[in-house]
file structure_8.cif (mmCIF, C-alpha atoms and all ligand atoms)
data_model
loop_
_atom_site.label_atom_id
_atom_site.label_comp_id
_atom_site.auth_asym_id
_atom_site.auth_seq_id
_atom_site.Cartn_x
_atom_site.Cartn_y
_atom_site.Cartn_z
CA MET V 1 44.91 79.21 12.43
CA ARG V 2 46.88 75.97 12.92
CA MET V 3 47.35 74.05 9.70
CA TYR V 4 48.01 70.76 11.42
CA GLY V 5 48.39 69.33 14.90
CA LEU V 6 51.35 70.13 17.07
CA LYS V 7 52.49 66.50 17.12
CA ASN V 8 52.84 66.46 13.35
CA LYS V 9 54.40 69.87 13.47
CA LYS V 10 57.04 68.65 15.91
CA ARG V 11 57.89 65.72 13.63
CA TYR V 12 58.43 68.00 10.67
CA PHE V 13 59.99 70.79 12.64
CA PRO V 14 63.65 70.10 11.69
CA LEU V 15 62.67 70.19 8.02
CA ILE V 16 60.66 73.39 8.47
CA VAL V 17 63.58 75.00 10.30
CA ALA V 18 66.00 73.93 7.57
CA VAL V 19 63.81 75.49 4.90
CA LEU V 20 63.40 78.66 6.97
CA LEU V 21 67.14 78.92 7.57
CA LEU V 22 67.74 78.68 3.83
CA PHE V 23 65.12 81.38 3.29
CA GLN V 24 66.58 83.59 6.01
CA THR V 25 70.07 83.31 4.56
CA SER V 26 68.79 84.78 1.34
CA CYS V 27 67.19 87.76 3.07
CA ALA V 28 69.67 88.23 5.91
CA THR V 29 70.29 91.87 5.08
CA THR V 30 66.67 92.77 5.71
CA ALA V 31 66.15 90.58 8.78
CA VAL V 32 65.68 92.42 12.06
CA HIS V 33 67.82 91.16 14.89
CA GLU V 34 68.20 94.35 16.89
CA GLY V 35 71.94 94.38 16.51
CA GLN V 36 72.72 90.69 17.04
CA ALA V 37 74.89 88.07 15.40
CA GLU V 38 77.76 89.38 13.22
CA GLU V 39 78.51 92.42 15.40
CA ASN V 40 79.61 90.89 18.66
CA HIS V 41 82.23 93.42 19.72
CA TRP V 42 79.88 95.79 21.52
CA GLY V 43 78.75 95.16 25.07
CA TYR V 44 77.47 96.79 28.24
CA THR V 45 80.62 97.49 30.27
CA GLY V 46 83.95 99.25 29.87
CA LYS V 47 85.25 100.46 26.52
CA THR V 48 82.62 98.56 24.55
CA GLY V 49 79.74 99.76 26.75
CA PRO V 50 76.87 102.11 25.79
CA GLU V 51 78.96 105.27 26.31
CA TYR V 52 81.37 104.05 23.63
CA TRP V 53 79.05 102.40 21.07
CA HIS V 54 79.40 105.33 18.63
CA THR V 55 83.20 104.85 18.62
CA LEU V 56 83.06 101.17 17.69
CA ASP V 57 81.67 101.43 14.18
CA PRO V 58 80.83 104.35 11.84
CA ALA V 59 77.37 102.81 11.49
CA TYR V 60 76.73 103.36 15.21
CA THR V 61 76.83 107.18 15.28
CA ALA V 62 73.10 107.41 16.08
CA ALA V 63 74.02 106.08 19.53
CA ARG V 64 75.63 109.48 20.23
CA ASP V 65 74.05 111.86 17.70
CA GLY V 66 70.47 110.56 17.55
CA LYS V 67 67.75 112.80 18.95
CA ALA V 68 65.08 110.11 19.20
CA GLN V 69 66.86 107.31 21.03
CA SER V 70 65.56 104.53 23.26
CA PRO V 71 65.01 103.58 26.00
CA VAL V 72 63.52 106.60 27.78
CA ASN V 73 62.17 107.46 31.20
CA ILE V 74 58.38 107.70 30.84
CA ILE V 75 56.93 110.53 32.91
CA THR V 76 53.31 109.66 33.57
CA ALA V 77 52.31 113.28 34.35
CA ASP V 78 53.37 114.29 30.82
CA LEU V 79 51.54 111.55 28.91
CA VAL V 80 49.38 112.64 25.97
CA PRO V 81 46.14 110.69 25.25
CA ALA V 82 46.52 108.75 21.99
CA ASP V 83 44.00 108.97 19.17
CA THR V 84 41.73 105.93 19.33
CA ALA V 85 42.36 105.40 15.62
CA GLU V 86 45.96 104.55 16.49
CA LYS V 87 44.99 101.35 18.26
CA LEU V 88 47.38 98.43 18.40
CA SER V 89 45.92 94.94 17.87
CA PHE V 90 47.63 91.60 18.47
CA TYR V 91 47.23 88.58 16.19
CA TYR V 92 49.30 86.03 18.06
CA HIS V 93 48.93 82.26 18.25
CA THR V 94 51.00 79.22 19.20
CA VAL V 95 53.99 78.38 17.03
CA TYR V 96 57.37 76.76 17.60
CA PHE V 97 60.20 79.03 18.65
CA LYS V 98 63.96 78.61 18.49
CA ILE V 99 65.82 79.60 21.65
CA GLU V 100 69.07 81.39 20.94
CA ASN V 101 71.87 82.90 23.01
CA ASN V 102 73.21 85.49 20.54
CA GLY V 103 76.00 86.90 22.70
CA HIS V 104 73.96 89.91 23.86
CA THR V 105 70.73 88.36 25.11
CA ILE V 106 68.50 85.32 24.98
CA GLU V 107 66.31 85.52 21.90
CA ILE V 108 63.36 83.34 21.00
CA ALA V 109 62.41 83.47 17.34
CA PRO V 110 59.23 82.03 15.81
CA SER V 111 59.61 79.22 13.31
CA ASP V 112 57.33 81.05 10.89
CA TYR V 113 56.10 84.58 10.26
CA SER V 114 52.44 84.07 11.14
CA ASN V 115 52.34 86.16 14.34
CA TYR V 116 51.78 89.86 13.82
CA ILE V 117 50.37 93.10 15.17
CA ILE V 118 48.40 95.83 13.41
CA ILE V 119 49.59 99.26 14.41
CA ASP V 120 48.32 102.44 12.76
CA ASP V 121 46.78 100.28 9.98
CA SER V 122 50.11 98.65 9.13
CA LYS V 123 50.87 94.94 9.62
CA PHE V 124 54.08 94.28 11.55
CA ILE V 125 55.24 90.65 11.67
CA LEU V 126 56.84 89.24 14.82
CA GLN V 127 60.53 88.53 14.21
CA GLN V 128 61.84 87.65 17.66
CA ILE V 129 61.44 88.16 21.40
CA HIS V 130 64.39 88.93 23.65
CA PHE V 131 65.10 90.11 27.18
CA HIS V 132 67.03 92.77 29.06
CA LEU V 133 68.13 92.75 32.71
CA PRO V 134 67.43 95.14 34.34
CA GLY V 135 64.51 96.64 32.38
CA GLU V 136 65.48 99.39 29.93
CA HIS V 137 62.50 101.78 30.09
CA THR V 138 61.85 103.43 33.42
CA VAL V 139 58.56 104.96 34.58
CA ASP V 140 58.75 108.12 36.72
CA GLY V 141 62.34 107.14 37.43
CA LYS V 142 61.45 103.66 38.65
CA SER V 143 63.38 100.79 37.09
CA PHE V 144 62.16 97.22 36.70
CA ASP V 145 63.78 93.82 37.17
CA MET V 146 63.68 92.87 33.49
CA GLU V 147 62.05 93.84 30.18
CA ALA V 148 60.90 91.74 27.23
CA HIS V 149 61.05 93.16 23.70
CA LEU V 150 58.80 91.73 21.00
CA VAL V 151 60.35 92.94 17.74
CA HIS V 152 58.16 93.30 14.64
CA LYS V 153 58.77 94.51 11.10
CA ASN V 154 56.37 95.61 8.36
CA ALA V 155 56.65 95.13 4.59
CA GLU V 156 58.46 98.46 4.23
CA GLY V 157 61.09 97.42 6.77
CA ALA V 158 59.83 99.69 9.57
CA VAL V 159 60.28 98.29 13.06
CA ALA V 160 57.72 98.21 15.89
CA VAL V 161 58.78 96.92 19.29
CA VAL V 162 56.38 95.97 22.07
CA GLY V 163 58.03 96.33 25.48
CA ILE V 164 56.84 94.45 28.55
CA LEU V 165 58.22 95.49 31.93
CA ILE V 166 58.88 92.59 34.28
CA ALA V 167 58.69 92.56 38.08
CA GLN V 168 59.83 89.75 40.33
CA GLY V 169 56.87 87.76 41.63
CA ARG V 170 55.17 84.52 40.70
CA GLU V 171 56.58 82.05 38.20
CA ASN V 172 55.61 82.95 34.63
CA PRO V 173 53.93 79.87 33.17
CA ALA V 174 54.30 81.10 29.57
CA LEU V 175 58.10 81.15 29.97
CA LYS V 176 58.40 78.05 32.17
CA GLU V 177 59.75 75.78 29.43
CA THR V 178 62.00 78.38 27.81
CA PHE V 179 63.52 79.73 31.01
CA GLY V 180 64.03 76.18 32.23
CA LYS V 181 66.64 75.62 29.53
CA LEU V 182 68.23 78.93 28.64
CA PRO V 183 71.36 78.31 26.53
CA LYS V 184 74.35 79.41 28.61
CA THR V 185 76.74 79.84 25.70
CA ILE V 186 76.34 81.35 22.24
CA THR V 187 74.07 79.09 20.26
CA SER V 188 75.05 77.29 17.08
CA GLU V 189 72.57 76.59 14.29
CA GLU V 190 72.59 72.90 15.32
CA ASP V 191 71.58 73.81 18.87
CA LEU V 192 68.69 75.85 17.51
CA MET V 193 67.20 72.85 15.79
CA GLU V 194 67.38 70.78 18.96
CA THR V 195 65.59 73.18 21.29
CA PRO V 196 62.28 74.22 19.76
CA GLU V 197 59.45 75.12 22.13
CA SER V 198 55.85 75.76 21.22
CA PHE V 199 54.66 78.99 22.73
CA ASN V 200 51.92 81.59 22.31
CA PRO V 201 53.31 85.14 22.65
CA GLU V 202 49.80 86.24 23.65
CA ASP V 203 50.41 84.45 26.97
CA LEU V 204 53.19 86.92 27.75
CA LEU V 205 51.04 90.03 27.49
CA PRO V 206 49.58 91.77 30.55
CA ALA V 207 45.78 91.39 30.80
CA GLU V 208 45.29 95.14 30.75
CA LYS V 209 46.26 96.59 27.39
CA ALA V 210 47.05 100.18 28.39
CA MET V 211 50.40 101.19 26.94
CA TYR V 212 52.86 104.01 26.44
CA ARG V 213 53.67 104.74 22.81
CA TYR V 214 56.42 106.88 21.35
CA ASP V 215 58.88 107.02 18.45
CA GLY V 216 62.37 105.87 19.35
CA SER V 217 65.22 103.63 18.29
CA LEU V 218 66.72 100.20 18.65
CA THR V 219 68.31 100.04 22.11
CA THR V 220 71.32 98.12 20.75
CA PRO V 221 73.80 99.10 18.02
CA PRO V 222 73.29 100.46 15.43
CA CYS V 223 70.58 102.25 17.51
CA THR V 224 68.62 102.99 14.33
CA GLU V 225 65.73 105.44 14.80
CA GLY V 226 62.21 105.27 13.35
CA VAL V 227 61.16 102.49 15.74
CA LYS V 228 57.55 102.56 16.92
CA TRP V 229 57.61 101.75 20.64
CA SER V 230 54.64 100.43 22.60
CA VAL V 231 55.45 99.72 26.25
CA PHE V 232 52.77 98.11 28.37
CA ALA V 233 51.81 100.18 31.41
CA ARG V 234 51.26 97.03 33.48
CA THR V 235 54.09 94.68 34.41
CA ILE V 236 54.18 90.91 34.13
CA GLU V 237 55.86 88.68 36.69
CA LEU V 238 58.73 86.23 36.59
CA SER V 239 59.83 84.28 39.65
CA GLU V 240 63.11 84.94 41.40
CA ALA V 241 64.36 81.60 40.03
CA GLN V 242 63.42 82.57 36.45
CA ILE V 243 65.11 85.97 36.77
CA ASN V 244 68.17 84.34 38.32
CA ALA V 245 68.35 81.85 35.44
CA PHE V 246 68.67 84.77 33.03
CA LYS V 247 70.96 86.73 35.36
CA ALA V 248 73.36 83.78 35.46
CA ILE V 249 73.91 84.34 31.71
CA TYR V 250 73.36 88.10 31.28
CA ALA V 251 73.74 90.00 34.54
CA GLY V 252 73.43 93.42 32.91
CA ASN V 253 72.39 93.93 29.29
CA SER V 254 70.46 97.19 29.39
CA ARG V 255 71.16 100.54 27.78
CA PRO V 256 70.66 103.54 30.12
CA VAL V 257 67.69 105.84 29.43
CA GLN V 258 68.20 108.49 26.73
CA GLN V 259 67.03 112.09 26.46
CA LEU V 260 63.39 112.43 25.39
CA ASN V 261 64.16 115.79 23.70
CA ASP V 262 61.03 117.16 21.99
CA ARG V 263 59.23 113.82 21.74
CA LYS V 264 55.84 113.13 23.25
CA VAL V 265 54.85 109.85 24.90
CA TYR V 266 51.25 108.85 24.29
CA ARG V 267 49.02 106.81 26.55
CA ALA V 268 46.88 104.34 24.61
CA GLU V 269 44.08 102.46 26.38
ZN ZN P 1 65.74 94.94 23.24
#

call {"tool": "encode", "arguments": {"input": "structure_8.cif", "output": "structure tokens"}}
result
Amino acid sequence: MRMYGLKNKKRYFPLIVAVLLLFQTSCATTAVHEGQAEENHWGYTGKTGPEYWHTLDPAYTAARDGKAQSPVNIITADLVPADTAEKLSFYYHTVYFKIENNGHTIEIAPSDYSNYIIIDDSKFILQQIHFHLPGEHTVDGKSFDMEAHLVHKNAEGAVAVVGILIAQGRENPALKETFGKLPKTITSEEDLMETPESFNPEDLLPAEKAMYRYDGSLTTPPCTEGVKWSVFARTIELSEAQINAFKAIYAGNSRPVQQLNDRKVYRAE
């Protein structure tokens, strides 16, 4: 899939990023950032915390009024077997990523749009990967140390997020470089160009592909619904040092679980 070697790619990376930034500026209104960037006045504590998101902007009313919000507590006894036709397939490979502190989380965004998943016969392109501490989804009431969200979008603008629950354990080699230099303050465009890392998102995924799938929302304002969620049943590990590196910047950036209401959660193997 690689068009040229990584060494050459690194040399031309600033130019590629510059071109991409120009391109992204022109399509900023359709880009998926799960509530980042311009809207920095919401947070996770006090009067700007999750209980108040709907009061902060008329566009955020789904945070209070939505009936299909995320995250949720997944009850394993209530899981419904998914149709095998609704399989999710990953088409990931190594590309350069920009590491950004966007004021709400650490986000790593691919330098091109060549990573994607196929879900229910639709192609969803990887937009960015970001992290929450503690994890947002819970399973039978159990919470996890962190959670990674791999955010994808299809040609119609629909969003599909792959969630990976993270438990403290061994050092995660896939995130070694990135978590070794997490930007402590909100990142400028100049910083982004100076900190590219090559990385294969496939290396983040648990070996066992069983997952929980349901229809939900963005877990950050504007909490838009219609998001296809696929949360891996198996956790991945990050070391205590890696988790602490993130915690030093974002000690709590998770939305509490929301009512499931009449939704079903499917188990896909
Ligand atoms: Zn998220």

call {"tool": "residues_near_ligand", "arguments": {"input": "structure_8.cif", "ligand": "ligand ZN 1 (chain P)", "cutoff": "7 Å", "atoms": "all atoms listed in the file", "output": "ChimeraX atom specification"}}
result
/V:34,130-132,149,219-220

call {"tool": "write_last_selection", "arguments": {"input": "structure_8.cif", "atoms": "C-alpha atoms", "output": "short mmCIF file (atom, residue, chain, number, x, y, z; two decimals), in the frame of the given file"}}
result
data_model
loop_
_atom_site.label_atom_id
_atom_site.label_comp_id
_atom_site.auth_asym_id
_atom_site.auth_seq_id
_atom_site.Cartn_x
_atom_site.Cartn_y
_atom_site.Cartn_z
CA GLU V 34 68.20 94.35 16.89
CA HIS V 130 64.39 88.93 23.65
CA PHE V 131 65.10 90.11 27.18
CA HIS V 132 67.03 92.77 29.06
CA HIS V 149 61.05 93.16 23.70
CA THR V 219 68.31 100.04 22.11
CA THR V 220 71.32 98.12 20.75
#

call {"tool": "closest_residue", "arguments": {"input": "structure_8.cif", "among": "V:Asp191, V:Glu177, V:Asp57, V:Glu202", "to": "Val162 of chain V", "atoms": "only C-alpha atoms"}}
result
V:Glu202

call {"tool": "atom_distance", "arguments": {"input": "structure_8.cif", "atom1": "atom CA of Ala268 of chain V", "atom2": "atom CA of Arg234 of chain V"}}
result
12.3 Å

call {"tool": "closest_residue", "arguments": {"input": "structure_8.cif", "among": "V:Tyr44, V:Tyr92, V:Tyr113, V:Trp229", "to": "Ala158 of chain V", "atoms": "all atoms listed in the file"}}
result
V:Trp229

call {"tool": "residues_around", "arguments": {"input": "structure_8.cif", "residues": "Tyr52 of chain V", "least_positions_apart": "5", "cutoff": "9 Å", "atoms": "all atoms listed in the file", "output": "short mmCIF file (atom, residue, chain, number, x, y, z; two decimals) with C-alpha atoms, in the coordinates of the input"}}
result
data_model
loop_
_atom_site.label_atom_id
_atom_site.label_comp_id
_atom_site.auth_asym_id
_atom_site.auth_seq_id
_atom_site.Cartn_x
_atom_site.Cartn_y
_atom_site.Cartn_z
CA TRP V 42 79.88 95.79 21.52
CA GLY V 46 83.95 99.25 29.87
CA LYS V 47 85.25 100.46 26.52
CA ALA V 63 74.02 106.08 19.53
CA ARG V 64 75.63 109.48 20.23
#

call {"tool": "atom_distance", "arguments": {"input": "structure_8.cif", "atom1": "atom CA of Pro71 of chain V", "atom2": "atom CA of His137 of chain V"}}
result
5.1 Å

call {"tool": "closest_residue", "arguments": {"input": "structure_8.cif", "among": "V:Leu238, V:Val139, V:Val161, V:Ile99", "to": "Glu189 of chain V", "atoms": "all atoms listed in the file"}}
result
V:Ile99

call {"tool": "closest_residue", "arguments": {"input": "structure_8.cif", "among": "V:Cys223, V:Ala174, V:Ile75, V:Leu205", "to": "Gln242 of chain V", "atoms": "all atoms listed in the file"}}
result
V:Ala174

call {"tool": "atom_distance", "arguments": {"input": "structure_8.cif", "atom1": "atom CA of Pro50 of chain V", "atom2": "atom CA of Asn102 of chain V"}}
result
17.8 Å

call {"tool": "residues_around", "arguments": {"input": "structure_8.cif", "residues": "His152 of chain V", "least_positions_apart": "3", "cutoff": "7 Å", "atoms": "all atoms listed in the file", "output": "list in words"}}
result
Phe124, Ile125, Leu126, Gln127, Val159, Ala160 and Val161 of chain V

call {"tool": "closest_residue", "arguments": {"input": "structure_8.cif", "among": "V:Asp120, V:Glu197, V:Glu147, V:Asp262", "to": "Phe246 of chain V", "atoms": "only C-alpha atoms"}}
result
V:Glu147

call {"tool": "residues_around", "arguments": {"input": "structure_8.cif", "residues": "Pro173 of chain V", "least_positions_apart": "4", "cutoff": "10 Å", "atoms": "all atoms listed in the file", "output": "number ranges by chain"}}
result
V: 177-179, 203-204, 237-239

call {"tool": "closest_residue", "arguments": {"input": "structure_8.cif", "among": "V:Arg213, V:Lys176, V:His54, V:His104", "to": "Ile119 of chain V", "atoms": "all atoms listed in the file"}}
result
V:Arg213

call {"tool": "residues_around", "arguments": {"input": "structure_8.cif", "residues": "Pro81 of chain V", "least_positions_apart": "6", "cutoff": "9 Å", "atoms": "all atoms listed in the file", "output": "ChimeraX atom specification"}}
result
/V:265-269

call {"tool": "build_atoms", "arguments": {"input": "structure_8.cif", "residues": "segment 77-112 of chain V", "atoms": "N, CA and C atoms", "output": "PDB file, keeping the file's coordinate frame"}}
result
ATOM      1  N   ALA V  77      53.032 112.000  34.295  1.00  0.00           N
ATOM      2  CA  ALA V  77      52.310 113.280  34.350  1.00  0.00           C
ATOM      3  C   ALA V  77      52.323 113.998  33.004  1.00  0.00           C
ATOM      4  N   ASP V  78      53.248 113.619  32.119  1.00  0.00           N
ATOM      5  CA  ASP V  78      53.370 114.290  30.820  1.00  0.00           C
ATOM      6  C   ASP V  78      52.744 113.499  29.672  1.00  0.00           C
ATOM      7  N   LEU V  79      52.088 112.381  29.982  1.00  0.00           N
ATOM      8  CA  LEU V  79      51.540 111.550  28.910  1.00  0.00           C
ATOM      9  C   LEU V  79      50.444 112.283  28.141  1.00  0.00           C
ATOM     10  N   VAL V  80      50.383 112.035  26.837  1.00  0.00           N
ATOM     11  CA  VAL V  80      49.380 112.640  25.970  1.00  0.00           C
ATOM     12  C   VAL V  80      48.410 111.528  25.543  1.00  0.00           C
ATOM     13  N   PRO V  81      47.078 111.741  25.684  1.00  0.00           N
ATOM     14  CA  PRO V  81      46.140 110.690  25.250  1.00  0.00           C
ATOM     15  C   PRO V  81      46.297 110.408  23.759  1.00  0.00           C
ATOM     16  N   ALA V  82      46.369 109.119  23.403  1.00  0.00           N
ATOM     17  CA  ALA V  82      46.520 108.750  21.990  1.00  0.00           C
ATOM     18  C   ALA V  82      45.177 108.756  21.298  1.00  0.00           C
ATOM     19  N   ASP V  83      45.200 109.061  20.007  1.00  0.00           N
ATOM     20  CA  ASP V  83      44.000 108.970  19.170  1.00  0.00           C
ATOM     21  C   ASP V  83      43.531 107.520  19.156  1.00  0.00           C
ATOM     22  N   THR V  84      42.227 107.299  19.319  1.00  0.00           N
ATOM     23  CA  THR V  84      41.730 105.930  19.330  1.00  0.00           C
ATOM     24  C   THR V  84      41.949 105.228  17.998  1.00  0.00           C
ATOM     25  N   ALA V  85      42.109 106.001  16.925  1.00  0.00           N
ATOM     26  CA  ALA V  85      42.360 105.400  15.620  1.00  0.00           C
ATOM     27  C   ALA V  85      43.725 104.716  15.555  1.00  0.00           C
ATOM     28  N   GLU V  86      44.611 105.112  16.496  1.00  0.00           N
ATOM     29  CA  GLU V  86      45.960 104.550  16.490  1.00  0.00           C
ATOM     30  C   GLU V  86      46.064 103.334  17.401  1.00  0.00           C
ATOM     31  N   LYS V  87      45.031 102.522  17.394  1.00  0.00           N
ATOM     32  CA  LYS V  87      44.990 101.350  18.260  1.00  0.00           C
ATOM     33  C   LYS V  87      45.969 100.285  17.778  1.00  0.00           C
ATOM     34  N   LEU V  88      46.495  99.531  18.726  1.00  0.00           N
ATOM     35  CA  LEU V  88      47.380  98.430  18.400  1.00  0.00           C
ATOM     36  C   LEU V  88      46.647  97.122  18.679  1.00  0.00           C
ATOM     37  N   SER V  89      46.615  96.224  17.702  1.00  0.00           N
ATOM     38  CA  SER V  89      45.920  94.940  17.870  1.00  0.00           C
ATOM     39  C   SER V  89      46.897  93.791  17.671  1.00  0.00           C
ATOM     40  N   PHE V  90      46.736  92.759  18.513  1.00  0.00           N
ATOM     41  CA  PHE V  90      47.630  91.600  18.470  1.00  0.00           C
ATOM     42  C   PHE V  90      46.960  90.430  17.754  1.00  0.00           C
ATOM     43  N   TYR V  91      47.697  89.786  16.869  1.00  0.00           N
ATOM     44  CA  TYR V  91      47.230  88.580  16.190  1.00  0.00           C
ATOM     45  C   TYR V  91      48.279  87.505  16.405  1.00  0.00           C
ATOM     46  N   TYR V  92      48.304  87.006  17.651  1.00  0.00           N
ATOM     47  CA  TYR V  92      49.300  86.030  18.060  1.00  0.00           C
ATOM     48  C   TYR V  92      48.652  84.657  18.231  1.00  0.00           C
ATOM     49  N   HIS V  93      49.396  83.612  18.004  1.00  0.00           N
ATOM     50  CA  HIS V  93      48.930  82.260  18.250  1.00  0.00           C
ATOM     51  C   HIS V  93      50.151  81.366  18.481  1.00  0.00           C
ATOM     52  N   THR V  94      49.911  80.130  18.840  1.00  0.00           N
ATOM     53  CA  THR V  94      51.000  79.220  19.200  1.00  0.00           C
ATOM     54  C   THR V  94      51.792  78.769  17.982  1.00  0.00           C
ATOM     55  N   VAL V  95      53.082  78.950  18.030  1.00  0.00           N
ATOM     56  CA  VAL V  95      53.990  78.380  17.030  1.00  0.00           C
ATOM     57  C   VAL V  95      55.242  77.891  17.756  1.00  0.00           C
ATOM     58  N   TYR V  96      56.085  77.163  17.023  1.00  0.00           N
ATOM     59  CA  TYR V  96      57.370  76.760  17.600  1.00  0.00           C
ATOM     60  C   TYR V  96      58.341  77.921  17.539  1.00  0.00           C
ATOM     61  N   PHE V  97      59.169  77.996  18.567  1.00  0.00           N
ATOM     62  CA  PHE V  97      60.200  79.030  18.650  1.00  0.00           C
ATOM     63  C   PHE V  97      61.562  78.379  18.821  1.00  0.00           C
ATOM     64  N   LYS V  98      62.570  78.994  18.252  1.00  0.00           N
ATOM     65  CA  LYS V  98      63.960  78.610  18.490  1.00  0.00           C
ATOM     66  C   LYS V  98      64.486  79.471  19.632  1.00  0.00           C
ATOM     67  N   ILE V  99      65.243  78.860  20.529  1.00  0.00           N
ATOM     68  CA  ILE V  99      65.820  79.600  21.650  1.00  0.00           C
ATOM     69  C   ILE V  99      67.297  79.825  21.354  1.00  0.00           C
ATOM     70  N   GLU V 100      67.698  81.087  21.315  1.00  0.00           N
ATOM     71  CA  GLU V 100      69.070  81.390  20.940  1.00  0.00           C
ATOM     72  C   GLU V 100      69.741  82.295  21.967  1.00  0.00           C
ATOM     73  N   ASN V 101      71.005  81.972  22.282  1.00  0.00           N
ATOM     74  CA  ASN V 101      71.870  82.900  23.010  1.00  0.00           C
ATOM     75  C   ASN V 101      72.742  83.554  21.943  1.00  0.00           C
ATOM     76  N   ASN V 102      72.509  84.860  21.665  1.00  0.00           N
ATOM     77  CA  ASN V 102      73.210  85.490  20.540  1.00  0.00           C
ATOM     78  C   ASN V 102      74.424  86.310  20.966  1.00  0.00           C
ATOM     79  N   GLY V 103      74.823  86.176  22.234  1.00  0.00           N
ATOM     80  CA  GLY V 103      76.000  86.900  22.700  1.00  0.00           C
ATOM     81  C   GLY V 103      75.664  88.222  23.374  1.00  0.00           C
ATOM     82  N   HIS V 104      74.416  88.664  23.221  1.00  0.00           N
ATOM     83  CA  HIS V 104      73.960  89.910  23.860  1.00  0.00           C
ATOM     84  C   HIS V 104      72.724  89.687  24.721  1.00  0.00           C
ATOM     85  N   THR V 105      71.968  88.648  24.404  1.00  0.00           N
ATOM     86  CA  THR V 105      70.730  88.360  25.110  1.00  0.00           C
ATOM     87  C   THR V 105      70.272  86.948  24.759  1.00  0.00           C
ATOM     88  N   ILE V 106      69.186  86.528  25.401  1.00  0.00           N
ATOM     89  CA  ILE V 106      68.500  85.320  24.980  1.00  0.00           C
ATOM     90  C   ILE V 106      67.362  85.751  24.057  1.00  0.00           C
ATOM     91  N   GLU V 107      67.309  85.149  22.898  1.00  0.00           N
ATOM     92  CA  GLU V 107      66.310  85.520  21.900  1.00  0.00           C
ATOM     93  C   GLU V 107      65.499  84.287  21.534  1.00  0.00           C
ATOM     94  N   ILE V 108      64.188  84.446  21.483  1.00  0.00           N
ATOM     95  CA  ILE V 108      63.360  83.340  21.000  1.00  0.00           C
ATOM     96  C   ILE V 108      62.655  83.799  19.725  1.00  0.00           C
ATOM     97  N   ALA V 109      62.890  83.056  18.654  1.00  0.00           N
ATOM     98  CA  ALA V 109      62.410  83.470  17.340  1.00  0.00           C
ATOM     99  C   ALA V 109      61.395  82.466  16.813  1.00  0.00           C
ATOM    100  N   PRO V 110      60.252  82.952  16.321  1.00  0.00           N
ATOM    101  CA  PRO V 110      59.230  82.030  15.810  1.00  0.00           C
ATOM    102  C   PRO V 110      59.717  81.275  14.579  1.00  0.00           C
ATOM    103  N   SER V 111      59.197  80.058  14.433  1.00  0.00           N
ATOM    104  CA  SER V 111      59.610  79.220  13.310  1.00  0.00           C
ATOM    105  C   SER V 111      58.914  79.621  12.017  1.00  0.00           C
ATOM    106  N   ASP V 112      57.924  80.507  12.119  1.00  0.00           N
ATOM    107  CA  ASP V 112      57.330  81.050  10.890  1.00  0.00           C
ATOM    108  C   ASP V 112      56.931  82.503  11.154  1.00  0.00           C
TER     109      ASP V 112
END
